[in-house]
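*Asks:* Here you go, this is run_17.txt (compact mmCIF, C-alpha atoms).
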```txt
# COMPACT_ATOMS: atom_id res chain seq x y z
CA MET A 1 0.00 0.00 0.00
CA ARG A 2 1.13 3.59 -0.61
CA ARG A 3 2.64 5.07 2.51
CA PHE A 4 0.65 7.29 4.84
CA GLU A 5 0.81 8.28 8.48
CA TYR A 6 -1.71 6.50 10.67
CA HIS A 7 -3.53 8.20 13.55
CA GLU A 8 -5.81 6.66 16.14
CA PRO A 9 -7.64 9.35 18.15
CA THR A 10 -9.81 8.31 21.09
CA SER A 11 -12.28 11.21 21.13
CA LEU A 12 -14.30 13.17 18.59
CA LYS A 13 -12.57 16.37 19.63
CA GLU A 14 -9.12 14.88 19.06
CA ALA A 15 -10.18 13.34 15.73
CA SER A 16 -11.60 16.62 14.49
CA GLN A 17 -8.54 18.61 15.59
CA LEU A 18 -6.20 16.10 13.96
CA LEU A 19 -7.98 16.27 10.64
CA THR A 20 -7.98 20.06 10.64
CA SER A 21 -4.36 20.45 11.73
CA LEU A 22 -2.96 17.80 9.37
CA GLY A 23 -4.48 19.72 6.46
CA GLU A 24 -4.54 18.59 2.85
CA GLY A 25 -4.18 14.86 2.26
CA ALA A 26 -5.72 13.95 5.63
CA TYR A 27 -8.82 11.77 5.62
CA PHE A 28 -11.02 10.01 8.13
CA LEU A 29 -10.91 6.21 8.02
CA ALA A 30 -14.03 4.23 8.89
CA GLY A 31 -14.44 0.81 7.21
CA GLY A 32 -11.79 1.55 4.59
CA THR A 33 -13.23 -0.77 1.94
CA ASP A 34 -13.41 2.07 -0.57
CA LEU A 35 -10.60 4.26 0.73
CA PHE A 36 -7.92 1.55 0.60
CA VAL A 37 -8.89 0.78 -2.99
CA GLU A 38 -8.59 4.48 -3.88
CA ILE A 39 -5.18 4.63 -2.21
CA ARG A 40 -3.90 1.56 -4.06
CA GLU A 41 -5.25 2.70 -7.39
CA ARG A 42 -3.91 6.21 -6.79
CA LEU A 43 -7.29 7.81 -7.13
CA ARG A 44 -6.80 9.74 -3.90
CA GLN A 45 -3.57 11.24 -2.55
CA VAL A 46 -3.58 10.31 1.13
CA ARG A 47 -0.85 11.51 3.50
CA HIS A 48 -2.64 10.92 6.79
CA LEU A 49 -5.41 8.56 7.84
CA VAL A 50 -7.35 9.40 10.99
CA ASN A 51 -9.05 6.17 12.11
CA ILE A 52 -12.26 6.93 14.02
CA LYS A 53 -12.86 3.31 15.06
CA ARG A 54 -11.33 3.77 18.54
CA VAL A 55 -13.60 6.70 19.37
CA PRO A 56 -16.08 5.42 22.00
CA GLY A 57 -19.85 5.68 21.53
CA LEU A 58 -20.06 5.33 17.75
CA ASP A 59 -20.84 1.60 17.61
CA GLN A 60 -24.47 1.63 18.80
CA ILE A 61 -27.58 0.46 16.98
CA GLU A 62 -30.73 1.65 18.76
CA TRP A 63 -34.46 1.50 18.14
CA SER A 64 -37.24 3.52 19.73
CA ASP A 65 -40.93 3.70 18.77
CA GLN A 66 -40.79 7.49 19.00
CA THR A 67 -37.57 8.36 17.15
CA GLY A 68 -36.97 5.25 15.07
CA LEU A 69 -33.64 3.68 14.16
CA ARG A 70 -30.32 5.25 15.06
CA PHE A 71 -26.94 3.77 14.15
CA GLY A 72 -23.46 5.13 14.85
CA ALA A 73 -20.60 5.83 12.46
CA GLN A 74 -18.77 2.60 13.26
CA VAL A 75 -21.71 0.27 12.55
CA THR A 76 -20.90 -1.99 9.62
CA ALA A 77 -23.32 -2.93 6.87
CA GLY A 78 -23.14 -6.51 8.16
CA GLN A 79 -23.98 -5.53 11.74
CA LEU A 80 -26.97 -3.43 10.70
CA GLU A 81 -28.21 -6.17 8.36
CA ALA A 82 -27.96 -8.71 11.20
CA SER A 83 -29.39 -6.46 13.91
CA GLY A 84 -33.04 -7.45 13.45
CA TYR A 85 -34.23 -3.84 13.79
CA LEU A 86 -34.74 -3.63 10.04
CA ASN A 87 -37.10 -6.62 9.79
CA GLY A 88 -40.62 -5.48 9.06
CA ARG A 89 -39.65 -1.81 9.37
CA TYR A 90 -37.05 -0.97 6.75
CA PRO A 91 -37.20 -3.72 4.09
CA ASN A 92 -35.75 -1.25 1.56
CA LEU A 93 -32.62 -0.53 3.62
CA ARG A 94 -32.30 -4.24 4.36
CA ALA A 95 -32.42 -5.06 0.63
CA ALA A 96 -29.79 -2.39 -0.06
CA LEU A 97 -27.44 -3.76 2.60
CA LYS A 98 -27.83 -7.31 1.35
CA ALA A 99 -26.97 -6.18 -2.19
CA LEU A 100 -23.86 -4.25 -1.13
CA ALA A 101 -20.62 -5.85 -2.41
CA SER A 102 -19.91 -9.15 -0.57
CA ILE A 103 -20.20 -10.63 2.92
CA GLN A 104 -16.49 -9.93 3.53
CA VAL A 105 -16.82 -6.29 2.48
CA ARG A 106 -20.03 -5.82 4.50
CA ASN A 107 -18.18 -6.99 7.61
CA ARG A 108 -15.82 -4.00 7.27
CA ALA A 109 -17.72 -1.32 5.35
CA THR A 110 -19.69 1.08 7.54
CA VAL A 111 -23.10 2.36 6.49
CA VAL A 112 -22.08 5.92 7.38
CA GLY A 113 -18.98 5.47 5.21
CA ASN A 114 -21.13 4.32 2.31
CA VAL A 115 -23.20 7.50 2.77
CA CYS A 116 -20.24 9.88 3.24
CA ARG A 117 -18.43 8.56 0.17
CA ALA A 118 -21.34 10.33 -1.61
CA SER A 119 -21.34 8.10 -4.64
CA PRO A 120 -24.52 8.56 -6.71
CA SER A 121 -24.64 4.75 -7.01
CA ALA A 122 -24.24 3.97 -3.28
CA ASP A 123 -26.78 1.32 -2.31
CA THR A 124 -27.75 2.61 1.12
CA ILE A 125 -28.48 6.21 0.09
CA PRO A 126 -31.75 5.80 -1.90
CA PRO A 127 -33.62 3.91 0.85
CA LEU A 128 -32.28 6.24 3.55
CA ILE A 129 -33.42 9.31 1.56
CA ALA A 130 -36.82 7.72 0.83
CA ASP A 131 -37.24 7.04 4.55
CA GLY A 132 -36.34 10.59 5.58
CA ALA A 133 -33.01 9.82 7.30
CA VAL A 134 -31.17 12.59 9.15
CA ILE A 135 -27.39 12.91 9.54
CA GLU A 136 -26.02 13.82 12.96
CA THR A 137 -22.60 15.48 13.11
CA TYR A 138 -19.94 16.60 15.56
CA ARG A 139 -18.35 20.01 15.06
CA PRO A 140 -16.10 21.93 17.45
CA GLY A 141 -18.65 24.77 17.45
CA GLY A 142 -21.63 22.43 17.94
CA GLY A 143 -22.99 19.56 15.86
CA ARG A 144 -25.73 19.67 13.26
CA HIS A 145 -28.70 17.62 12.14
CA ILE A 146 -28.79 17.50 8.34
CA PRO A 147 -31.59 15.82 6.35
CA LEU A 148 -29.88 13.28 4.12
CA ALA A 149 -31.67 14.70 1.08
CA GLU A 150 -29.69 17.95 1.65
CA PHE A 151 -26.38 16.28 2.54
CA PHE A 152 -24.84 15.87 -0.92
CA ALA A 153 -23.14 18.61 -2.93
CA GLY A 154 -22.14 16.51 -5.94
CA PRO A 155 -20.49 13.22 -6.80
CA GLY A 156 -18.10 12.42 -3.93
CA ARG A 157 -18.96 15.71 -2.19
CA THR A 158 -21.02 16.49 0.90
CA VAL A 159 -21.86 19.66 2.81
CA LEU A 160 -19.57 18.59 5.69
CA GLU A 161 -17.04 21.19 6.79
CA PRO A 162 -13.37 20.32 7.35
CA GLY A 163 -13.09 18.50 10.66
CA GLU A 164 -16.84 17.87 10.90
CA ILE A 165 -17.59 14.22 11.66
CA VAL A 166 -20.77 12.26 11.00
CA ILE A 167 -21.48 10.45 14.26
CA ALA A 168 -24.82 8.77 13.51
CA VAL A 169 -27.79 8.43 11.18
CA THR A 170 -31.37 8.48 12.41
CA VAL A 171 -34.23 7.01 10.37
CA PRO A 172 -37.75 7.92 11.55
CA PRO A 173 -40.07 5.04 12.47
CA PRO A 174 -42.37 3.88 9.66
CA ALA A 175 -45.82 5.46 9.83
CA GLN A 176 -49.00 3.34 9.88
CA GLY A 177 -49.56 1.74 6.49
CA SER A 178 -45.95 2.10 5.38
CA HIS A 179 -44.79 0.22 2.30
CA ARG A 180 -41.17 0.31 1.26
CA ALA A 181 -38.87 -1.25 -1.32
CA TYR A 182 -35.43 -0.86 -2.92
CA LEU A 183 -34.52 -2.35 -6.26
CA LYS A 184 -30.97 -2.47 -7.55
CA HIS A 185 -30.27 -3.07 -11.18
CA GLY A 186 -26.92 -4.42 -12.33
CA ARG A 187 -25.39 -7.08 -14.54
CA ARG A 188 -25.03 -9.52 -11.66
CA LYS A 189 -26.40 -9.99 -8.16
CA ALA A 190 -23.28 -9.51 -6.03
CA MET A 191 -20.06 -7.48 -6.15
CA GLU A 192 -21.77 -4.96 -8.37
CA LEU A 193 -22.24 -1.22 -8.41
CA ALA A 194 -25.81 -0.23 -9.15
CA THR A 195 -26.53 0.71 -12.77
CA VAL A 196 -29.77 2.14 -11.41
CA GLY A 197 -31.19 1.97 -7.89
CA VAL A 198 -34.76 2.94 -6.99
CA ALA A 199 -36.16 3.22 -3.47
CA VAL A 200 -39.79 3.99 -2.69
CA SER A 201 -41.43 4.66 0.64
CA LEU A 202 -45.23 4.89 0.58
CA GLU A 203 -48.00 5.42 3.06
CA VAL A 204 -51.30 3.84 2.10
CA GLU A 205 -54.65 4.17 3.90
CA ASP A 206 -57.64 2.13 2.72
CA GLY A 207 -56.04 1.76 -0.71
CA LEU A 208 -55.37 5.47 -1.02
CA CYS A 209 -51.76 6.67 -1.20
CA THR A 210 -51.32 9.41 1.41
CA GLY A 211 -47.56 9.82 1.24
CA ALA A 212 -44.77 8.91 -1.18
CA ARG A 213 -41.04 9.43 -1.39
CA VAL A 214 -39.10 8.16 -4.40
CA ALA A 215 -35.28 8.23 -4.53
CA LEU A 216 -33.32 7.46 -7.69
CA GLY A 217 -29.71 6.26 -7.50
CA ALA A 218 -26.97 6.33 -10.18
CA VAL A 219 -28.99 8.56 -12.52
CA GLY A 220 -27.66 11.98 -11.52
CA PRO A 221 -24.70 13.68 -9.82
CA VAL A 222 -26.30 12.81 -6.47
CA VAL A 223 -29.09 10.43 -5.45
CA LEU A 224 -32.24 12.32 -6.55
CA ARG A 225 -35.65 12.71 -4.97
CA ALA A 226 -38.37 12.64 -7.64
CA PRO A 227 -40.96 15.11 -6.28
CA GLN A 228 -43.19 15.20 -9.38
CA THR A 229 -43.31 11.40 -9.47
CA GLU A 230 -44.27 11.45 -5.80
CA ALA A 231 -47.03 13.99 -6.56
CA ILE A 232 -48.54 11.60 -9.11
CA LEU A 233 -48.59 8.77 -6.53
CA VAL A 234 -50.01 10.77 -3.62
CA GLY A 235 -53.80 10.93 -3.61
CA SER A 236 -54.09 8.06 -6.07
CA ARG A 237 -55.19 4.45 -5.64
CA LEU A 238 -51.90 3.26 -7.21
CA ASP A 239 -53.67 1.54 -10.10
CA ALA A 240 -51.99 0.54 -13.35
CA ALA A 241 -52.59 3.90 -15.05
CA VAL A 242 -51.05 5.78 -12.10
CA LEU A 243 -48.03 3.47 -12.03
CA ASN A 244 -47.48 4.02 -15.75
CA ALA A 245 -47.71 7.79 -15.32
CA ALA A 246 -45.33 7.69 -12.33
CA ALA A 247 -42.83 5.56 -14.28
CA GLU A 248 -42.97 8.03 -17.20
CA GLN A 249 -42.49 10.97 -14.84
CA ALA A 250 -39.52 9.33 -13.06
CA MET A 251 -37.87 8.87 -16.47
CA GLN A 252 -38.28 12.62 -17.07
CA GLU A 253 -37.02 13.57 -13.62
CA CYS A 254 -33.73 11.67 -13.70
CA THR A 255 -30.55 13.04 -15.29
CA PRO A 256 -28.41 10.01 -16.14
CA ILE A 257 -25.06 10.01 -17.91
CA SER A 258 -23.45 7.34 -20.09
CA ASN A 259 -20.45 5.57 -18.60
CA VAL A 260 -18.73 2.21 -18.59
CA ARG A 261 -21.68 0.52 -16.85
CA ALA A 262 -24.57 1.73 -19.04
CA SER A 263 -25.75 4.36 -21.48
CA ALA A 264 -27.90 7.28 -20.38
CA GLU A 265 -30.76 6.01 -22.55
CA TYR A 266 -30.67 2.57 -20.95
CA ARG A 267 -30.54 4.02 -17.45
CA ARG A 268 -33.55 6.25 -18.17
CA GLU A 269 -35.51 3.28 -19.50
CA MET A 270 -34.64 1.25 -16.39
CA VAL A 271 -35.72 4.08 -14.08
CA GLY A 272 -39.20 3.70 -15.55
CA VAL A 273 -39.21 -0.08 -15.20
CA LEU A 274 -37.78 -0.10 -11.68
CA THR A 275 -40.01 2.70 -10.37
CA ARG A 276 -43.10 0.76 -11.38
CA ARG A 277 -41.70 -2.49 -9.99
CA ALA A 278 -40.54 -0.89 -6.74
CA VAL A 279 -44.04 0.47 -6.04
CA MET A 280 -45.55 -2.95 -6.73
CA LEU A 281 -42.96 -4.68 -4.53
CA ALA A 282 -43.50 -2.14 -1.75
CA LEU A 283 -47.26 -2.82 -1.80
CA GLU A 284 -46.52 -6.54 -1.36
CA GLU A 285 -44.09 -5.84 1.51
CA ALA A 286 -46.05 -4.12 4.25
CA ALA A 287 -43.50 -2.43 6.49
CA MET B 1 8.17 5.80 9.34
CA ASN B 2 7.15 4.76 12.84
CA LYS B 3 6.38 1.13 13.43
CA ILE B 4 3.58 0.06 15.70
CA HIS B 5 3.74 -2.88 18.09
CA LEU B 6 0.99 -5.31 17.11
CA GLU B 7 -0.29 -8.13 19.30
CA ILE B 8 -2.67 -10.57 17.64
CA THR B 9 -3.70 -14.19 18.04
CA VAL B 10 -3.40 -16.17 14.82
CA ASN B 11 -4.78 -19.71 14.69
CA GLY B 12 -4.71 -19.87 18.49
CA GLU B 13 -1.10 -18.70 18.75
CA ALA B 14 -0.17 -15.32 20.24
CA ARG B 15 1.94 -13.28 17.82
CA SER B 16 3.73 -10.05 18.33
CA MET B 17 5.20 -8.00 15.49
CA MET B 18 6.22 -4.49 14.47
CA VAL B 19 4.26 -3.10 11.54
CA GLU B 20 4.06 0.21 9.73
CA GLY B 21 0.71 1.98 9.93
CA HIS B 22 -0.02 1.66 6.22
CA ARG B 23 0.62 -2.10 6.08
CA SER B 24 -2.40 -4.29 5.26
CA LEU B 25 -3.33 -7.22 7.47
CA LEU B 26 -2.76 -9.41 4.41
CA ASP B 27 0.86 -8.26 4.00
CA ALA B 28 1.49 -8.61 7.72
CA LEU B 29 0.15 -12.17 7.76
CA ARG B 30 2.11 -13.20 4.68
CA GLU B 31 5.37 -11.34 5.26
CA GLU B 32 5.69 -10.79 9.01
CA ALA B 33 3.91 -13.92 10.27
CA GLY B 34 5.08 -16.08 7.33
CA LEU B 35 1.57 -17.42 6.75
CA THR B 36 1.47 -17.47 2.95
CA GLY B 37 -1.58 -19.72 2.69
CA THR B 38 -3.73 -16.59 2.54
CA LYS B 39 -3.40 -15.39 -1.05
CA LYS B 40 -3.01 -11.95 -2.55
CA GLY B 41 -5.09 -11.86 -5.72
CA CYS B 42 -6.54 -8.47 -6.63
CA ASP B 43 -5.54 -6.59 -3.44
CA VAL B 44 -8.72 -4.45 -3.75
CA GLY B 45 -11.41 -6.66 -2.18
CA ASP B 46 -12.85 -8.10 -5.37
CA CYS B 47 -11.52 -11.67 -5.52
CA GLY B 48 -11.82 -13.00 -1.95
CA ALA B 49 -8.54 -14.99 -2.10
CA CYS B 50 -7.32 -13.16 1.04
CA THR B 51 -10.40 -13.99 3.16
CA VAL B 52 -9.57 -14.62 6.84
CA ILE B 53 -11.79 -14.68 9.92
CA VAL B 54 -11.23 -11.78 12.32
CA ASP B 55 -13.04 -12.04 15.67
CA GLY B 56 -15.52 -14.49 14.19
CA ARG B 57 -16.28 -12.57 10.99
CA PRO B 58 -14.89 -13.21 7.50
CA VAL B 59 -13.15 -10.19 5.97
CA ASN B 60 -10.83 -9.37 3.08
CA ALA B 61 -7.39 -9.12 4.74
CA CYS B 62 -6.34 -6.72 1.96
CA LEU B 63 -9.03 -4.19 2.98
CA MET B 64 -7.90 -3.91 6.58
CA LEU B 65 -4.79 -2.41 8.12
CA ALA B 66 -2.71 -4.70 10.30
CA VAL B 67 -2.94 -2.15 13.13
CA GLU B 68 -6.73 -2.34 12.99
CA ALA B 69 -6.44 -5.99 14.06
CA GLN B 70 -4.78 -5.02 17.38
CA GLY B 71 -5.87 -7.60 19.99
CA ALA B 72 -7.94 -9.59 17.50
CA GLU B 73 -8.28 -13.35 17.08
CA ILE B 74 -7.60 -14.36 13.52
CA LEU B 75 -8.17 -17.65 11.74
CA THR B 76 -6.32 -18.26 8.46
CA ILE B 77 -6.35 -21.28 6.17
CA GLU B 78 -3.38 -22.66 8.15
CA GLY B 79 -5.67 -22.93 11.18
CA LEU B 80 -8.57 -24.65 9.47
CA GLN B 81 -7.35 -28.15 10.33
CA PRO B 82 -8.44 -29.24 13.82
CA ASP B 83 -4.96 -30.70 14.37
CA PRO B 84 -1.87 -31.33 12.20
CA ASP B 85 -2.89 -34.91 11.37
CA THR B 86 -6.57 -34.27 10.66
CA LEU B 87 -8.04 -32.37 7.76
CA HIS B 88 -11.19 -30.29 8.03
CA PRO B 89 -14.18 -32.03 6.34
CA LEU B 90 -14.14 -29.25 3.72
CA GLN B 91 -10.50 -29.97 2.86
CA GLU B 92 -11.27 -33.71 2.54
CA ALA B 93 -14.25 -33.03 0.32
CA PHE B 94 -12.34 -30.54 -1.87
CA MET B 95 -9.72 -33.23 -2.56
CA GLU B 96 -12.30 -35.93 -3.27
CA HIS B 97 -14.27 -33.76 -5.69
CA GLY B 98 -11.27 -32.12 -7.36
CA ALA B 99 -12.64 -28.76 -6.27
CA SER B 100 -9.21 -27.14 -6.49
CA GLN B 101 -7.59 -26.73 -9.87
CA CYS B 102 -4.94 -24.02 -9.80
CA GLY B 103 -5.76 -23.71 -6.09
CA PHE B 104 -5.24 -19.97 -5.76
CA CYS B 105 -8.82 -19.24 -4.71
CA SER B 106 -9.11 -22.31 -2.47
CA PRO B 107 -7.92 -20.79 0.84
CA GLY B 108 -10.46 -17.97 0.62
CA ILE B 109 -13.25 -20.24 -0.56
CA LEU B 110 -12.54 -22.78 2.18
CA ILE B 111 -12.71 -20.04 4.81
CA MET B 112 -16.01 -18.69 3.43
CA ALA B 113 -17.43 -22.19 3.11
CA LYS B 114 -16.51 -22.86 6.75
CA CYS B 115 -18.39 -19.69 7.79
CA LEU B 116 -21.40 -20.85 5.80
CA LEU B 117 -21.44 -24.46 7.01
CA ASP B 118 -20.83 -23.54 10.68
CA ARG B 119 -24.17 -21.69 10.59
CA ASN B 120 -25.96 -23.82 8.04
CA PRO B 121 -24.50 -27.27 7.28
CA LEU B 122 -27.16 -28.09 4.67
CA PRO B 123 -27.27 -24.97 2.49
CA SER B 124 -29.31 -24.70 -0.71
CA ASP B 125 -27.52 -23.87 -3.98
CA GLU B 126 -28.78 -20.31 -3.64
CA GLU B 127 -27.36 -20.08 -0.12
CA ILE B 128 -23.97 -21.42 -1.29
CA ARG B 129 -23.98 -18.93 -4.15
CA PHE B 130 -24.80 -16.08 -1.74
CA GLY B 131 -22.13 -17.27 0.72
CA LEU B 132 -19.44 -17.35 -1.98
CA SER B 133 -20.47 -14.19 -3.81
CA GLY B 134 -17.30 -12.43 -2.67
CA ASN B 135 -14.98 -15.16 -3.98
CA ILE B 136 -13.86 -15.65 -7.56
CA CYS B 137 -12.66 -18.94 -9.06
CA ARG B 138 -11.33 -18.75 -12.59
CA CYS B 139 -10.81 -22.51 -13.13
CA THR B 140 -13.59 -24.73 -11.91
CA GLY B 141 -16.81 -23.11 -13.02
CA TYR B 142 -17.78 -23.61 -9.35
CA THR B 143 -19.60 -26.93 -9.94
CA LYS B 144 -17.04 -29.07 -8.12
CA ILE B 145 -16.71 -26.48 -5.37
CA PHE B 146 -20.48 -26.65 -4.79
CA ASP B 147 -20.36 -30.47 -4.81
CA ALA B 148 -17.55 -30.46 -2.25
CA ILE B 149 -19.33 -27.98 0.02
CA ARG B 150 -22.53 -30.05 -0.05
CA THR B 151 -20.58 -33.24 0.76
CA ALA B 152 -18.68 -31.59 3.61
CA GLY B 153 -21.90 -30.08 4.95
CA ARG B 154 -23.66 -33.43 5.02
CA ARG B 155 -20.75 -34.97 6.93
CA MET B 156 -20.59 -32.08 9.38
CA ALA B 157 -24.35 -32.32 9.98
CA ALA B 158 -24.05 -36.09 10.55
CA ALA B 159 -21.10 -35.63 12.92
CA ARG B 160 -23.02 -32.97 14.82
CA ALA B 161 -26.10 -35.22 15.13
CA GLN B 162 -23.88 -38.05 16.39
CA SER B 163 -22.16 -35.87 19.00
CA VAL B 164 -25.60 -34.74 20.22
CA GLU B 165 -26.70 -38.39 20.59
CA ALA B 166 -23.48 -39.30 22.41
```
Before we go any further, please render this structure as structure tokens.
*Replies:*
Amino acid sequence: MRRFEYHEPTSLKEASQLLTSLGEGAYFLAGGTDLFVEIRERLRQVRHLVNIKRVPGLDQIEWSDQTGLRFGAQVTAGQLEASGYLNGRYPNLRAALKALASIQVRNRATVVGNVCRASPSADTIPPLIADGAVIETYRPGGGRHIPLAEFFAGPGRTVLEPGEIVIAVTVPPPAQGSHRAYLKHGRRKAMELATVGVAVSLEVEDGLCTGARVALGAVGPVVLRAPQTEAILVGSRLDAAVLNAAAEQAMQECTPISNVRASAEYRREMVGVLTRRAVMLALEEAA
Amino acid sequence: MNKIHLEITVNGEARSMMVEGHRSLLDALREEAGLTGTKKGCDVGDCGACTVIVDGRPVNACLMLAVEAQGAEILTIEGLQPDPDTLHPLQEAFMEHGASQCGFCSPGILIMAKCLLDRNPLPSDEEIRFGLSGNICRCTGYTKIFDAIRTAGRRMAAARAQSVEA
């Protein structure tokens, strides 16, 4: 591996100060499953790594009926998947975790790291956005709560300030009549980056859709909410005509590019297919 | 560059070594501990040849720093055998079925198969596929590997049933 200096702070304050004082080329290390690859392939010039895994208090997974699910920055994808808190509540996030890389990678990769890497194709981001997740940070001047939908500034970029650390993610509890799903499209089932990812989170009362959030992954510079698609779903009975209209609208709302994994045209087409399918799957999977 | 004093337990044996902060667990196991059974294939977490068990969980040793394993218990392919004269049922079955060809992926696949069978000795094909989705074999087409895992699983289940009766 390319050489770097390794640092192991034991408090948030120390970690934040280290990152700020070490300056350019200093990065936080969580799971490392993406960062080590970037270092080896020389995609990122790293002089200092500040490992946050010895900071106490960041390894918790908690559930409360009032505030929902909360998991700390050190929680791995594998731990969250195995925790049991997702069953029946967040089937979309569960599906995203299960589709992330491999078992070995999930045992190291943190969910917060997957979010902070800010890749438009990250599996955990669409379901977390569709479920209204909020980012909790530490800052020397006082931490912030940032809705995940407002967290990303572009591919690989977030609104975090230098030295600001994400300490946890909170996902509100599912409302009555919640229906959720995440569908990932790729060439194979495992060890794959999403060509398109679609998460939907619906509230349905007596067959009437009273709430909808649709998040589209890998079809824009950041994971996108599709507000006009949501508007078509809300107030409807989610019949075939509505699903077709929503699928059409989602295709209009996304802004895909062509790259090595797929063309823009193909991605747009798949957004339509997956949006329709995700709504149907969500209706089958009562949260 | 400063070296860090690392204390780990590998295959039941306490090991102490000096490693640089940027060194991967894989390099430390192969070069400092001399345990070259764990293979370096892609070195970026795609191939699974470097899979080892750290504190009960399988990980890619290439995607972890050696210093991150401070105090950990590690099982490598060298520790799969219950004792020097006895092979693990998976090793027996891999030989019987010819499940190794070039053999480079075998250490990682054996470790993942052990993780799978310890939890679920009679896995379905889908469960084997899911369990091995982080491991690449370029020779066998996986058929013989699946056959060997099913055989080993059946024997492990039978042995477990027997030890419960006894």
*Asks:* Counting all atoms listed in the file, which residues come within 12 Å of (-7.7, 19.7, 6.4), with the point read in the file's coordinates, and could you list them as an MDAnalysis selection string?
*Replies:* chainID A and resid 15:28 46:50 160:164
*Asks:* Using the selection just defined, write its residues with C-alpha atoms as a PDB file, keeping the file's coordinate frame.
*Replies:*
```pdb
ATOM      1  CA  ALA A  15     -10.180  13.340  15.730  1.00  0.00           C
ATOM      2  CA  SER A  16     -11.600  16.620  14.490  1.00  0.00           C
ATOM      3  CA  GLN A  17      -8.540  18.610  15.590  1.00  0.00           C
ATOM      4  CA  LEU A  18      -6.200  16.100  13.960  1.00  0.00           C
ATOM      5  CA  LEU A  19      -7.980  16.270  10.640  1.00  0.00           C
ATOM      6  CA  THR A  20      -7.980  20.060  10.640  1.00  0.00           C
ATOM      7  CA  SER A  21      -4.360  20.450  11.730  1.00  0.00           C
ATOM      8  CA  LEU A  22      -2.960  17.800   9.370  1.00  0.00           C
ATOM      9  CA  GLY A  23      -4.480  19.720   6.460  1.00  0.00           C
ATOM     10  CA  GLU A  24      -4.540  18.590   2.850  1.00  0.00           C
ATOM     11  CA  GLY A  25      -4.180  14.860   2.260  1.00  0.00           C
ATOM     12  CA  ALA A  26      -5.720  13.950   5.630  1.00  0.00           C
ATOM     13  CA  TYR A  27      -8.820  11.770   5.620  1.00  0.00           C
ATOM     14  CA  PHE A  28     -11.020  10.010   8.130  1.00  0.00           C
ATOM     15  CA  VAL A  46      -3.580  10.310   1.130  1.00  0.00           C
ATOM     16  CA  ARG A  47      -0.850  11.510   3.500  1.00  0.00           C
ATOM     17  CA  HIS A  48      -2.640  10.920   6.790  1.00  0.00           C
ATOM     18  CA  LEU A  49      -5.410   8.560   7.840  1.00  0.00           C
ATOM     19  CA  VAL A  50      -7.350   9.400  10.990  1.00  0.00           C
ATOM     20  CA  LEU A 160     -19.570  18.590   5.690  1.00  0.00           C
ATOM     21  CA  GLU A 161     -17.040  21.190   6.790  1.00  0.00           C
ATOM     22  CA  PRO A 162     -13.370  20.320   7.350  1.00  0.00           C
ATOM     23  CA  GLY A 163     -13.090  18.500  10.660  1.00  0.00           C
ATOM     24  CA  GLU A 164     -16.840  17.870  10.900  1.00  0.00           C
TER      25      GLU A 164
END
```
*Asks:* So that I can see what lies close to A:Ala96, please list as a PyMOL selection string the residues with an atom at most 6 Å from it, counting all atoms listed in the file and leaving out residues fewer than 3 positions away in the same chain.
*Replies:* chain A and resi 93+99+123-124
*Asks:* Taking all atoms listed in the file into account, find every residue of chain A that has an atom no more than 10 Å from chain B, and write it out as a PyMOL selection string.
*Replies:* chain A and resi 1-8+31-41+48-49+51+53-54+78+98+101-109+189-192
*Asks:* Measuring atom to atom with only C-alpha atoms, identify which of A:Ala153, A:Lys13, A:Gly141, A:Pro172 is nearest to A:Phe71.
*Replies:*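 Using only C-alpha atoms, the shortest distance to A:Phe71 belongs to A:Pro172.
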*Asks:* So which residues are close to (-10.1, -18.6, -3.0), meaning at most 12 Å away in the file's coordinates with only C-alpha atoms counted, and can you show them as a ChimeraX atom specification?
*Replies:* /B:37-42,46-52,60,77,99-113,132-140,142,145
*Asks:* The centre and edge lengths of an axis-aligned box containing all atoms of stretch 75-84 of chain A present in the file, extended by 3 Å on each side, are to be given in Å to one decimal, as AutoDock Vina command-line options.
*Replies:*
```
--center_x -27.0 --center_y -4.2 --center_z 10.4 --size_x 18.1 --size_y 15.0 --size_z 13.0
```
*Asks:* So which one's closest to B:Arg150, B:Glu127, B:Leu25, B:Ala166, B:Leu122? Using only C-alpha atoms, please.
*Replies:*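 The closest residue to B:Arg150 is B:Leu122.
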*Asks:* As an exercise, work out the distance from atom CA of A:Ile129 to atom CA of A:His145 in Å and give it to one decimal place.
*Replies:*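 Computing it gives 14.3 Å between the two atoms.
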*Asks:* For the atom pair atom CA of A:Leu208 and atom CA of A:Pro227, what is the interatomic distance in Å to one decimal place?
*Replies:*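 It comes out at 18.1 Å.
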*Asks:* Determine, counting only C-alpha atoms, which protein, DNA and RNA residues have an atom within 12 Å of an atom of A:Ala181; residues of the same chain fewer than 5 positions away are not included. Present the result as a ChimeraX atom specification.
*Replies:* /A:88-96,126-128,130-131,197-202,212-215,274-287
*Asks:* To one decimal in Å, tell me the separation between atom CA of B:Val10 and atom CA of B:Thr36.
*Replies:*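 Here the two named atoms are 12.9 Å from each other.
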*Asks:* If we count only C-alpha atoms and set the cut-off at 9 Å, which residues sit around stretch 85-92 of chain B, ignoring sequence neighbours fewer than 3 positions away in its own chain? Please answer as an MDAnalysis selection string.
*Replies:* chainID B and resid 80:82 95:97 110 113:114 148:149 151:153 155:156
*Asks:* Excluding A:Ala218 and any residue of its chain fewer than 6 positions from it, enumerate the residues within 7 Å of it, using all atoms listed in the file, and give them as a list in words.
*Replies:*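 Close residues of A:Ala218: Pro120, Ser121, Ala194, Thr195, Val196 and Gly197 of chain A.
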*Asks:* Restricted to C-alpha atoms, what does stretch 191-195 of chain A look like when written out as a compact mmCIF listing (two decimals), in the first residue's frame?
*Replies:*
```txt
# COMPACT_ATOMS: atom_id res chain seq x y z
CA MET A 191 -20.06 -7.48 -6.15
CA GLU A 192 -21.77 -4.96 -8.37
CA LEU A 193 -22.24 -1.22 -8.41
CA ALA A 194 -25.81 -0.23 -9.15
CA THR A 195 -26.53 0.71 -12.77
```
